[in-house]
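Listing of target_14.cif, mmCIF, C-alpha atoms
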```cif
data_coords
loop_
_atom_site.label_atom_id
_atom_site.label_comp_id
_atom_site.auth_asym_id
_atom_site.auth_seq_id
_atom_site.Cartn_x
_atom_site.Cartn_y
_atom_site.Cartn_z
CA MET R 22 15.10 45.80 19.12
CA LYS R 23 15.49 42.52 17.27
CA ASN R 24 13.99 43.95 14.07
CA ASN R 25 16.23 47.03 14.30
CA THR R 26 19.26 44.79 14.78
CA PHE R 27 18.28 42.73 11.74
CA PHE R 28 17.92 45.78 9.49
CA ASN R 29 21.11 47.30 10.85
CA LYS R 30 22.96 44.13 9.86
CA ILE R 31 21.56 44.42 6.35
CA LYS R 32 22.73 48.04 6.17
CA THR R 33 26.28 47.00 7.07
CA LEU R 34 26.48 44.46 4.23
CA SER R 35 28.55 45.31 1.17
CA SER R 36 26.68 46.53 -1.92
CA GLU R 37 27.18 43.17 -3.62
CA LYS R 38 25.78 41.27 -0.62
CA LYS R 39 22.87 43.68 -0.52
CA ASN R 40 22.29 42.85 -4.17
CA VAL R 41 22.21 39.16 -3.28
CA PHE R 42 19.64 39.98 -0.60
CA LYS R 43 17.51 42.01 -3.05
CA ASN R 44 17.67 39.27 -5.67
CA PHE R 45 16.81 36.69 -3.02
CA THR R 46 13.77 38.77 -2.06
CA ALA R 47 12.64 39.09 -5.68
CA LEU R 48 13.08 35.38 -6.32
CA GLY R 49 11.38 34.67 -3.01
CA ILE R 50 8.26 36.35 -4.38
CA ILE R 51 8.53 34.16 -7.47
CA GLN R 52 8.72 31.02 -5.39
CA ILE R 53 5.74 32.12 -3.31
CA LEU R 54 3.82 32.48 -6.55
CA ASN R 55 5.12 29.13 -7.80
CA TYR R 56 4.10 27.65 -4.48
CA VAL R 57 0.70 29.29 -4.00
CA MET R 58 -0.68 29.43 -7.55
CA PRO R 59 -0.52 25.67 -8.29
CA PHE R 60 -2.11 24.99 -4.92
CA ILE R 61 -5.03 27.12 -6.06
CA THR R 62 -5.47 25.54 -9.49
CA LEU R 63 -4.37 21.93 -8.84
CA PRO R 64 -6.92 21.18 -6.09
CA TYR R 65 -9.60 22.66 -8.33
CA LEU R 66 -8.52 20.59 -11.33
CA ALA R 67 -8.18 17.43 -9.23
CA ARG R 68 -11.85 17.78 -8.31
CA ILE R 69 -13.08 18.84 -11.77
CA LEU R 70 -11.13 16.42 -13.98
CA THR R 71 -11.06 12.65 -13.89
CA VAL R 72 -7.91 11.16 -12.33
CA ASP R 73 -6.97 9.75 -15.76
CA LYS R 74 -7.17 13.13 -17.55
CA PHE R 75 -5.40 14.83 -14.66
CA GLY R 76 -2.55 12.35 -15.12
CA LEU R 77 -2.58 12.78 -18.92
CA ILE R 78 -1.99 16.53 -18.59
CA PHE R 79 1.08 15.95 -16.43
CA PHE R 80 2.29 13.12 -18.66
CA ALA R 81 2.38 15.68 -21.49
CA GLN R 82 4.16 18.16 -19.20
CA ALA R 83 6.81 15.54 -18.39
CA ILE R 84 7.53 15.18 -22.11
CA MET R 85 7.70 18.97 -22.54
CA ASP R 86 10.21 19.13 -19.70
CA TYR R 87 12.65 17.23 -21.92
CA PHE R 88 12.12 19.73 -24.74
CA SER R 89 12.50 22.68 -22.34
CA ARG R 90 15.81 21.32 -21.10
CA PHE R 91 16.88 20.66 -24.68
CA THR R 92 16.16 24.25 -25.75
CA ASP R 93 17.79 25.60 -22.57
CA PHE R 94 20.90 23.58 -23.50
CA GLY R 95 22.63 24.46 -20.25
CA PHE R 96 22.53 28.22 -20.94
CA ASN R 97 20.89 28.72 -17.54
CA GLN R 98 24.37 28.04 -16.15
CA SER R 99 26.87 28.94 -18.88
CA ALA R 100 25.20 32.16 -20.10
CA VAL R 101 24.35 33.32 -16.56
CA ARG R 102 27.97 33.03 -15.53
CA GLU R 103 29.21 34.78 -18.70
CA LEU R 104 26.72 37.64 -18.25
CA ALA R 105 27.52 37.99 -14.54
CA ILE R 106 31.17 38.63 -15.46
CA ASN R 107 30.53 40.86 -18.52
CA ARG R 108 27.27 42.66 -17.73
CA ASP R 109 28.95 46.09 -17.69
CA VAL R 110 30.22 45.70 -21.27
CA LYS R 111 27.27 46.47 -23.59
CA GLN R 112 28.80 44.98 -26.73
CA LYS R 113 29.44 41.74 -24.87
CA VAL R 114 25.90 41.67 -23.48
CA ASP R 115 24.48 42.13 -27.00
CA GLU R 116 26.68 39.36 -28.29
CA ILE R 117 25.82 36.89 -25.51
CA PHE R 118 22.06 37.46 -25.71
CA THR R 119 21.89 37.32 -29.51
CA GLU R 120 23.95 34.17 -29.91
CA VAL R 121 22.16 32.35 -27.10
CA PHE R 122 18.71 33.39 -28.35
CA PHE R 123 19.37 32.20 -31.91
CA ALA R 124 20.88 28.96 -30.61
CA LYS R 125 17.76 28.32 -28.52
CA THR R 126 15.50 29.17 -31.48
CA GLY R 127 17.25 26.58 -33.64
CA LEU R 128 16.82 23.98 -30.91
CA LEU R 129 13.15 24.96 -30.62
CA ILE R 130 12.52 24.27 -34.30
CA LEU R 131 14.29 20.90 -34.04
CA SER R 132 12.19 20.06 -30.95
CA PHE R 133 8.96 20.79 -32.83
CA VAL R 134 9.99 18.46 -35.65
CA ILE R 135 10.83 15.67 -33.17
CA LEU R 136 7.52 16.13 -31.37
CA SER R 137 5.52 16.03 -34.61
CA VAL R 138 7.25 12.86 -35.83
CA THR R 139 6.62 11.19 -32.45
CA ILE R 140 2.94 12.17 -32.33
CA PHE R 141 2.10 10.85 -35.78
CA SER R 142 4.23 7.71 -35.49
CA PHE R 143 2.57 6.22 -32.38
CA ASP R 144 -1.13 5.67 -31.70
CA LYS R 145 -0.73 6.42 -27.97
CA PHE R 146 0.35 9.96 -28.82
CA ARG R 147 -1.76 10.47 -31.95
CA MET R 148 -5.06 9.97 -30.13
CA ASP R 149 -4.29 12.95 -27.85
CA TRP R 150 -2.23 14.98 -30.32
CA LEU R 151 -3.80 18.34 -29.43
CA ILE R 152 -2.79 18.17 -25.76
CA TYR R 153 0.87 17.73 -26.75
CA TYR R 154 0.85 20.69 -29.15
CA PHE R 155 -0.88 22.92 -26.61
CA SER R 156 1.71 21.90 -24.01
CA PHE R 157 4.55 22.62 -26.45
CA LEU R 158 3.57 26.30 -26.64
CA ALA R 159 5.08 26.63 -23.16
CA VAL R 160 8.48 25.64 -24.59
CA LEU R 161 8.19 28.49 -27.12
CA GLY R 162 7.20 30.87 -24.33
CA ASN R 163 10.18 29.86 -22.22
CA VAL R 164 12.60 30.55 -25.10
CA LEU R 165 11.19 34.08 -25.38
CA LEU R 166 11.09 34.56 -21.59
CA SER R 167 14.89 34.27 -21.24
CA PRO R 168 15.07 34.14 -17.41
CA TRP R 169 18.79 33.37 -17.72
CA PHE R 170 19.36 36.94 -19.02
CA PHE R 171 17.83 38.63 -15.97
CA GLN R 172 19.60 36.24 -13.61
CA GLY R 173 22.97 36.98 -15.22
CA MET R 174 22.29 40.73 -15.07
CA GLU R 175 21.22 40.27 -11.43
CA ARG R 176 17.87 42.00 -12.11
CA MET R 177 15.57 39.32 -10.75
CA LYS R 178 12.69 41.74 -10.16
CA PHE R 179 11.87 41.44 -13.85
CA ILE R 180 11.59 37.65 -13.53
CA THR R 181 9.17 38.28 -10.65
CA PHE R 182 7.02 40.54 -12.82
CA PHE R 183 6.90 38.09 -15.73
CA ASN R 184 6.15 35.23 -13.36
CA ILE R 185 3.16 37.15 -12.00
CA ILE R 186 1.86 37.59 -15.56
CA THR R 187 2.31 33.89 -16.32
CA ARG R 188 0.57 32.67 -13.19
CA THR R 189 -2.24 35.25 -13.30
CA VAL R 190 -3.21 34.59 -16.93
CA SER R 191 -3.25 30.82 -16.39
CA LEU R 192 -5.18 31.00 -13.13
CA VAL R 193 -7.86 33.40 -14.36
CA CYS R 194 -8.44 31.49 -17.60
CA ILE R 195 -8.62 28.08 -15.87
CA PHE R 196 -11.20 29.23 -13.32
CA ALA R 197 -13.18 31.13 -15.97
CA PHE R 198 -13.37 28.43 -18.65
CA VAL R 199 -12.55 24.99 -17.20
CA LYS R 200 -15.88 23.93 -15.72
CA THR R 201 -16.21 20.22 -16.52
CA ALA R 202 -13.98 17.20 -17.23
CA GLU R 203 -14.62 17.72 -20.96
CA ASN R 204 -12.67 20.99 -20.79
CA TYR R 205 -9.36 19.23 -19.96
CA LEU R 206 -7.74 20.35 -23.23
CA LEU R 207 -8.02 23.96 -22.13
CA VAL R 208 -5.70 23.36 -19.15
CA PRO R 209 -2.43 22.91 -21.12
CA LEU R 210 -3.55 25.67 -23.50
CA PHE R 211 -4.04 28.22 -20.70
CA ASN R 212 -0.88 27.15 -18.88
CA SER R 213 1.10 27.74 -22.07
CA LEU R 214 -0.73 30.97 -22.91
CA GLY R 215 0.47 32.62 -19.69
CA ILE R 216 4.10 31.74 -20.41
CA LEU R 217 3.78 32.83 -24.05
CA ILE R 218 2.38 36.27 -23.19
CA ALA R 219 5.04 36.80 -20.51
CA GLY R 220 7.71 35.65 -22.98
CA ILE R 221 6.71 38.22 -25.59
CA ILE R 222 6.74 41.03 -23.00
CA SER R 223 10.09 39.80 -21.66
CA PHE R 224 11.70 39.83 -25.11
CA MET R 225 10.50 43.39 -25.74
CA THR R 226 11.79 44.45 -22.31
CA ILE R 227 15.25 43.09 -23.07
CA LYS R 228 15.34 45.03 -26.34
CA THR R 229 13.97 48.32 -24.98
CA ARG R 230 14.66 48.57 -21.24
CA PHE R 231 18.12 46.98 -21.45
CA ASN R 232 18.78 48.39 -24.92
CA VAL R 233 20.07 45.04 -26.22
CA ASN R 234 20.80 45.10 -29.92
CA VAL R 235 19.63 41.81 -31.47
CA TYR R 236 21.26 40.99 -34.81
CA VAL R 237 21.62 37.90 -37.00
CA PRO R 238 24.81 36.15 -35.84
CA LYS R 239 27.03 33.93 -37.92
CA ILE R 240 26.40 30.19 -37.88
CA LYS R 241 29.86 29.53 -36.47
CA GLU R 242 29.18 31.91 -33.56
CA ILE R 243 25.94 30.07 -32.70
CA TRP R 244 27.73 26.75 -32.99
CA GLN R 245 30.49 27.96 -30.68
CA LYS R 246 27.91 28.97 -28.05
CA LEU R 247 26.33 25.50 -28.26
CA LYS R 248 29.75 23.92 -27.99
CA ASP R 249 30.69 26.03 -24.96
CA SER R 250 27.44 25.12 -23.19
CA SER R 251 27.42 21.43 -24.14
CA GLU R 252 28.99 20.41 -20.82
CA TYR R 253 26.20 22.20 -18.94
CA PHE R 254 23.59 20.70 -21.28
CA LEU R 255 24.63 17.16 -20.42
CA SER R 256 24.11 17.90 -16.74
CA SER R 257 20.79 19.66 -17.41
CA ILE R 258 19.36 16.82 -19.50
CA SER R 259 20.61 14.38 -16.88
CA ILE R 260 18.56 16.25 -14.27
CA GLY R 261 15.54 15.74 -16.50
CA LEU R 262 16.27 12.01 -16.59
CA TYR R 263 15.49 11.66 -12.90
CA GLN R 264 13.03 14.53 -12.43
CA SER R 265 10.65 13.80 -15.32
CA THR R 266 11.43 10.20 -16.32
CA ASN R 267 9.36 8.71 -13.51
CA ALA R 268 6.14 10.40 -14.62
CA PHE R 269 6.98 9.62 -18.25
CA PHE R 270 7.59 5.91 -17.62
CA LEU R 271 4.54 5.56 -15.38
CA GLY R 272 2.37 7.11 -18.10
CA LEU R 273 3.98 5.07 -20.86
CA CYS R 274 4.18 1.67 -19.11
CA VAL R 275 1.63 1.71 -16.27
CA SER R 276 -1.23 4.23 -16.50
CA THR R 277 -1.93 7.96 -16.45
CA THR R 278 -3.83 7.34 -13.18
CA MET R 279 -0.52 6.40 -11.54
CA VAL R 280 0.96 9.56 -13.05
CA ALA R 281 -1.77 11.54 -11.29
CA TYR R 282 -0.92 10.01 -7.89
CA TYR R 283 2.81 10.45 -8.40
CA VAL R 284 2.65 14.02 -9.69
CA SER R 285 0.20 15.07 -6.94
CA ALA R 286 2.85 14.20 -4.35
CA GLN R 287 5.74 15.50 -6.46
CA LYS R 288 4.12 18.92 -6.97
CA ILE R 289 3.70 19.42 -3.25
CA TYR R 290 7.23 18.20 -2.54
CA LEU R 291 8.75 20.50 -5.17
CA GLY R 292 6.59 23.40 -4.00
CA ILE R 293 7.98 23.00 -0.48
CA TYR R 294 11.52 22.29 -1.69
CA PHE R 295 11.62 25.31 -4.01
CA MET R 296 11.01 27.64 -1.09
CA TYR R 297 14.79 27.68 -0.77
CA TYR R 298 15.55 27.98 -4.49
CA PRO R 299 15.48 31.78 -4.73
CA PHE R 300 18.64 31.88 -2.65
CA TYR R 301 20.33 29.39 -4.96
CA ASN R 302 19.61 31.59 -8.00
CA ALA R 303 20.70 34.77 -6.23
CA PHE R 304 23.72 33.11 -4.59
CA PHE R 305 25.25 31.58 -7.73
CA PRO R 306 26.25 34.86 -9.49
CA TYR R 307 27.59 36.26 -6.19
CA MET R 308 29.77 33.21 -5.46
CA SER R 309 30.99 33.11 -9.08
CA LYS R 310 32.34 36.62 -8.69
CA ASN R 311 33.44 36.72 -5.02
CA LYS R 312 34.12 33.11 -3.90
CA ASP R 313 33.14 34.05 -0.35
CA ILE R 314 33.65 30.83 1.67
CA LYS R 315 32.83 32.44 5.03
CA PHE R 316 29.46 33.59 3.70
CA PHE R 317 28.86 30.16 2.14
CA LYS R 318 29.41 28.36 5.46
CA LYS R 319 26.81 30.55 7.18
CA VAL R 320 24.31 29.84 4.41
CA PHE R 321 25.04 26.12 4.53
CA LYS R 322 24.30 25.92 8.28
CA ILE R 323 21.04 27.82 7.91
CA LEU R 324 19.90 25.64 5.00
CA THR R 325 20.70 22.45 6.95
CA VAL R 326 18.36 23.46 9.76
CA PHE R 327 15.77 24.64 7.23
CA ALA R 328 15.87 21.33 5.30
CA LEU R 329 15.55 19.16 8.40
CA GLY R 330 12.57 21.24 9.49
CA LEU R 331 10.89 20.68 6.13
CA THR R 332 11.38 16.91 6.39
CA GLY R 333 9.77 16.79 9.81
CA PHE R 334 6.87 18.96 8.68
CA ILE R 335 6.08 16.77 5.66
CA LEU R 336 6.27 13.50 7.61
CA LEU R 337 3.93 14.82 10.31
CA PHE R 338 1.29 16.29 8.03
CA SER R 339 1.51 14.38 4.70
CA LYS R 340 -1.96 12.78 4.98
CA TYR R 341 -3.60 16.10 5.77
CA ILE R 342 -1.67 17.95 3.07
CA ILE R 343 -2.78 15.52 0.36
CA THR R 344 -6.44 15.31 1.36
CA ILE R 345 -6.80 19.06 1.93
CA PHE R 346 -5.32 19.98 -1.44
CA TYR R 347 -6.54 17.16 -3.65
CA GLY R 348 -9.42 15.44 -1.85
CA GLN R 349 -9.88 11.80 -0.97
CA GLN R 350 -9.42 10.62 -4.58
CA MET R 351 -5.67 11.34 -4.26
CA TYR R 352 -5.26 9.92 -0.73
CA GLU R 353 -2.72 7.27 -1.83
CA SER R 354 -0.34 10.06 -2.78
CA TYR R 355 0.57 10.68 0.88
CA LYS R 356 2.75 7.54 0.86
CA ILE R 357 4.74 8.94 -2.04
CA LEU R 358 5.04 12.30 -0.31
CA ASN R 359 6.54 10.58 2.77
CA ILE R 360 9.22 9.01 0.56
CA PHE R 361 10.04 12.42 -0.91
CA ALA R 362 10.27 13.96 2.58
CA ILE R 363 13.32 11.83 3.36
CA ILE R 364 15.39 13.42 0.59
CA VAL R 365 14.73 17.11 1.29
CA PRO R 366 18.06 17.67 3.17
CA PHE R 367 20.03 15.66 0.60
CA HIS R 368 18.37 17.57 -2.27
CA ILE R 369 18.88 21.08 -0.90
CA LEU R 370 22.45 20.58 0.34
CA ALA R 371 23.51 18.78 -2.84
CA ASP R 372 22.23 21.77 -4.85
CA ILE R 373 24.00 24.41 -2.76
CA MET R 374 27.28 22.50 -3.16
CA SER R 375 26.89 22.44 -6.95
CA PHE R 376 27.41 25.66 -8.92
CA PRO R 377 27.38 28.10 -5.95
CA LEU R 378 30.39 26.22 -4.51
CA LEU R 379 32.11 23.72 -6.82
CA GLY R 380 31.13 25.62 -9.98
CA ALA R 381 32.18 28.99 -8.55
CA PHE R 382 35.67 27.64 -7.88
CA GLY R 383 36.04 26.31 -11.40
CA TYR R 384 35.06 22.69 -10.77
CA THR R 385 32.27 22.72 -13.33
CA LYS R 386 33.40 19.40 -14.74
CA GLU R 387 32.89 17.66 -11.40
CA THR R 388 29.60 19.51 -10.82
CA ASN R 389 28.18 18.49 -14.19
CA GLN R 390 29.61 15.00 -13.83
CA CYS R 391 27.47 14.50 -10.73
CA TRP R 392 24.25 15.24 -12.62
CA ILE R 393 25.29 13.08 -15.54
CA LEU R 394 26.16 10.14 -13.30
CA ALA R 395 22.91 10.61 -11.38
CA GLY R 396 20.99 10.56 -14.66
CA ILE R 397 22.74 7.38 -15.76
CA PHE R 398 22.16 5.85 -12.31
CA HIS R 399 18.45 6.69 -12.43
CA VAL R 400 17.83 5.53 -15.99
CA THR R 401 19.71 2.29 -15.30
CA GLY R 402 17.59 1.76 -12.20
CA ILE R 403 14.28 2.45 -13.92
CA SER R 404 15.28 0.20 -16.84
CA LEU R 405 16.01 -2.65 -14.43
CA LEU R 406 12.64 -2.09 -12.75
CA TYR R 407 10.94 -2.33 -16.13
CA ILE R 408 12.87 -5.42 -17.26
CA THR R 409 12.24 -7.26 -13.98
CA ASN R 410 8.56 -6.25 -13.99
CA HIS R 411 8.93 -4.25 -10.75
CA LEU R 412 8.03 -0.84 -12.20
CA SER R 413 5.46 0.77 -9.92
CA ILE R 414 4.67 4.12 -8.35
CA TYR R 415 6.47 3.08 -5.16
CA SER R 416 9.59 1.58 -6.74
CA VAL R 417 10.24 4.67 -8.90
CA SER R 418 9.72 6.92 -5.86
CA TYR R 419 12.33 5.03 -3.83
CA LEU R 420 14.65 5.15 -6.85
CA PHE R 421 14.14 8.93 -7.01
CA ALA R 422 15.13 9.21 -3.33
CA THR R 423 18.18 7.00 -3.79
CA THR R 424 19.35 9.12 -6.73
CA TYR R 425 19.43 12.29 -4.63
CA ILE R 426 21.32 10.57 -1.81
CA PHE R 427 23.86 9.46 -4.43
CA MET R 428 24.21 13.07 -5.64
CA PHE R 429 24.71 14.40 -2.13
CA LEU R 430 27.50 11.92 -1.36
CA HIS R 431 29.16 12.62 -4.73
CA ARG R 432 29.25 16.39 -4.03
CA VAL R 433 30.54 15.92 -0.47
CA TYR R 434 33.37 13.77 -1.82
CA TYR R 435 34.61 16.47 -4.21
CA VAL R 436 34.20 19.34 -1.72
CA TYR R 437 36.50 17.50 0.68
CA LYS R 438 38.81 16.24 -2.03
CA PHE R 439 39.57 19.77 -3.27
CA LYS R 440 39.52 21.20 0.30
CA ILE R 441 37.35 24.09 -0.88
CA LEU R 442 35.95 24.93 2.55
CA LYS R 443 39.48 25.44 3.84
#
```

Would you write out, as structure tokens, the structure that this file holds?
Amino acid sequence: MKNNTFFNKIKTLSSEKKNVFKNFTALGIIQILNYVMPFITLPYLARILTVDKFGLIFFAQAIMDYFSRFTDFGFNQSAVRELAINRDVKQKVDEIFTEVFFAKTGLLILSFVILSVTIFSFDKFRMDWLIYYFSFLAVLGNVLLSPWFFQGMERMKFITFFNIITRTVSLVCIFAFVKTAENYLLVPLFNSLGILIAGIISFMTIKTRFNVNVYVPKIKEIWQKLKDSSEYFLSSISIGLYQSTNAFFLGLCVSTTMVAYYVSAQKIYLGIYFMYYPFYNAFFPYMSKNKDIKFFKKVFKILTVFALGLTGFILLFSKYIITIFYGQQMYESYKILNIFAIIVPFHILADIMSFPLLGAFGYTKETNQCWILAGIFHVTGISLLYITNHLSIYSVSYLFATTYIFMFLHRVYYVYKFKILK
């Protein structure tokens, strides 16, 4: 009876809400893959590689995260919203995709130049130059992948398919060829190879299945797209300042071993946290178009209970989670995971109040301002830790937690100030 009631309720939803449900399901599969696949490869790598090399791989990934955000340039918000509104007008879809793709390609070339100059200007990077170039291939793959296009068109099943390709190629290659610690260079190569292959297939799908006509746009049109998305870019790069800066600073100023401990806990935390993220991606286009406050309130209540449950789960089982997945060599990571557990509710609820609520009602300036201020807050904090010689794996973890609490309070303030929920 309960199952019949559940499916009957789904049948009574409007077509647009059903679409949200379908997209949520598709993205749910993606997050399961994002959650399960790393927990197959990471425990294996943690036991095969030395802790130092394990940390080096993720130090390189932290750097590539900056380049990925740079090439994305906020289009994951601005272009998604523009496509969601104009997806039924073919000429407009062609125009949006072409201009965004060429803008991202230009940023990709600039990123490669910056990376090359950095590698050959500093000994710390030059001695491991190959790992950085192998890791950079993932940035190229992400530009071709164009997940923003499928999100804006509300066809998330394609993202699911490409994600399966990415994860499968990486997983199979790592288990087939990475057998000893000396094979550590193959890890970033295979991780990037999966994204690159999926990116090529994705680009061809956009051209053929969606019949998108890609042409060479004018420079001024590309520049206008960059200008329109610059506000979103500032918020996106600010997110990178507090999501990747910790691993970067630990690797640069402390040791790659500390990066290994930090990232081991962070990967598990993000894997658990991102269980909710499919709804965010499916919910944003719906709220942008419909501004359904009643629906939002129901979602908010459900997510609150969900987030509190996740916090309790992590705090109860953190020691077991770390040792089961990574072995005793990563045991110290459980303390970091406990710190992350505290911020799960603040993180999830701050996100759902961002673009799906404030952004959908036109308050993009306040939404982006929150991320920018959080980035400034975090960088200021980590700089003070470095200057005062208090930079450690624990201090940066507490700073990370404090940053998300700051974001949550900032979003609550503007939701009540503009009386959106009323």

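Closest approach to Ala371 (chain R) from the set R:Ser89, R:Tyr419, R:Met428, R:Ala197 is made by R:Met428, with distances taken over only C-alpha atoms.
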
Could you tell me which of R:Cys194, R:Val280, R:Ala67, R:Leu405 comes closest to Ala268 (chain R) if we count only C-alpha atoms?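 That would be R:Val280, the residue with the smallest distance to Ala268 (chain R).
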
Need to verify the contact set: His368 (chain R), 10 Å, only C-alpha atoms, exclusion of same-chain residues closer than 4 positions in sequence. Can you return it as a VMD selection string? chain R and resid 294 328 361 363 to 364 372 to 373 422 424 to 426 428 to 429

Residue selection dump (C-alpha atoms) as a short mmCIF file (atom, residue, chain, number, x, y, z; two decimals), keeping the file's coordinate frame:
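Below is the file that was written, out11.cif:
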```
data_model
loop_
_atom_site.label_atom_id
_atom_site.label_comp_id
_atom_site.auth_asym_id
_atom_site.auth_seq_id
_atom_site.Cartn_x
_atom_site.Cartn_y
_atom_site.Cartn_z
CA TYR R 294 11.52 22.29 -1.69
CA ALA R 328 15.87 21.33 5.30
CA PHE R 361 10.04 12.42 -0.91
CA ILE R 363 13.32 11.83 3.36
CA ILE R 364 15.39 13.42 0.59
CA ASP R 372 22.23 21.77 -4.85
CA ILE R 373 24.00 24.41 -2.76
CA ALA R 422 15.13 9.21 -3.33
CA THR R 424 19.35 9.12 -6.73
CA TYR R 425 19.43 12.29 -4.63
CA ILE R 426 21.32 10.57 -1.81
CA MET R 428 24.21 13.07 -5.64
CA PHE R 429 24.71 14.40 -2.13
#
```

Leaving out Met374 (chain R) and any residue of its chain fewer than 4 positions from it, which residues lie within 8 Å of it when counting all atoms listed in the file, given as a list in words? Leu370, Leu378, Leu379, Arg432, Val433 and Val436 of chain R

Applied to the shown file, which residues does the PyMOL selection byres ((chain R and resi 239) around 12) return, written as a ChimeraX atom specification? /R:116,119-121,123-124,236-238,240-246

Distance criterion (all atoms listed in the file): nearest to Ser99 (chain R) out of R:Gln350, R:Asn163, R:Asn267, R:Ser250: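 Closest residue, counting all atoms listed in the file: R:Ser250.
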
Run the PyMOL selection byres ((chain R and resi 84) around 10) against the file shown and list the residues it catches, as a PyMOL selection string. chain R and resi 79-83+85-89+136+153+156-157+261+265-266+268-269

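Put simply, CA of Ala395 (chain R) is 13.2 Å away from CA of Ser375 (chain R).
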
Around region 167-171 of chain R, with edges along x, y and z and 5 Å added on all six sides, what centre and edge lengths do you get, in Å to one decimal, as AutoDock Vina command-line options?
```
--center_x 17.1 --center_y 36.0 --center_z -18.6 --size_x 14.5 --size_y 15.3 --size_z 15.3
```

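Minimum distance to Ile117 (chain R) across R:Ile258, R:Leu129, R:Ile403, R:Val235 (counting only C-alpha atoms) occurs at R:Val235.
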
Give me, please, the distance in Å between CA of Leu442 (chain R) and CA of Gln98 (chain R), quoted to one decimal.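 CA of Gln98 (chain R) lies 22.2 Å from CA of Leu442 (chain R).
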
As an exercise, work out the distance from CA of Cys274 (chain R) to CA of Thr62 (chain R) in Å and give it to one decimal place. 27.5 Å

Nearest to Phe321 (chain R) by atom-to-atom distance, counting only C-alpha atoms, from R:Phe304, R:Tyr290, R:Tyr384, R:Trp150: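 Looking at the shortest contact to Phe321 (chain R), the residue is R:Phe304.
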
Ground truth for the PyMOL selection byres ((chain R and resi 347) around 9), written as a PyMOL selection string: chain R and resi 63-68+285+342-346+348-352

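Contact shell of Ile140 (chain R) at 12 Å (only C-alpha atoms; same-chain neighbours under 2 positions omitted): Ala81, Ile84, Phe133, Val134, Ile135, Leu136, Ser137, Val138, Ser142, Phe143, Asp144, Lys145, Phe146, Arg147, Met148, Asp149, Trp150, Leu151, Ile152, Tyr153 and Tyr154 of chain R.
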
Find the spatial neighbours of Lys386 (chain R), counting all atoms listed in the file, within a cut-off of 9 Å - ignore same-chain residues fewer than 4 positions away - and output them as JSON, numbers by chain. {"R": [252, 253, 380, 390, 391]}

I need the residue nearest Phe231 (chain R) from this list: R:Phe300, R:Phe170, R:Phe367, R:Leu412. Use all atoms listed in the file for the distance.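 The shortest atom-to-atom distance to Phe231 (chain R) comes from R:Phe170.
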
Region 224-229 of chain R surroundings by all atoms listed in the file, 10 Å radius, close-in-sequence under 6 positions cut, as a PyMOL selection string: chain R and resi 115+118+164-167+170-171+179+235
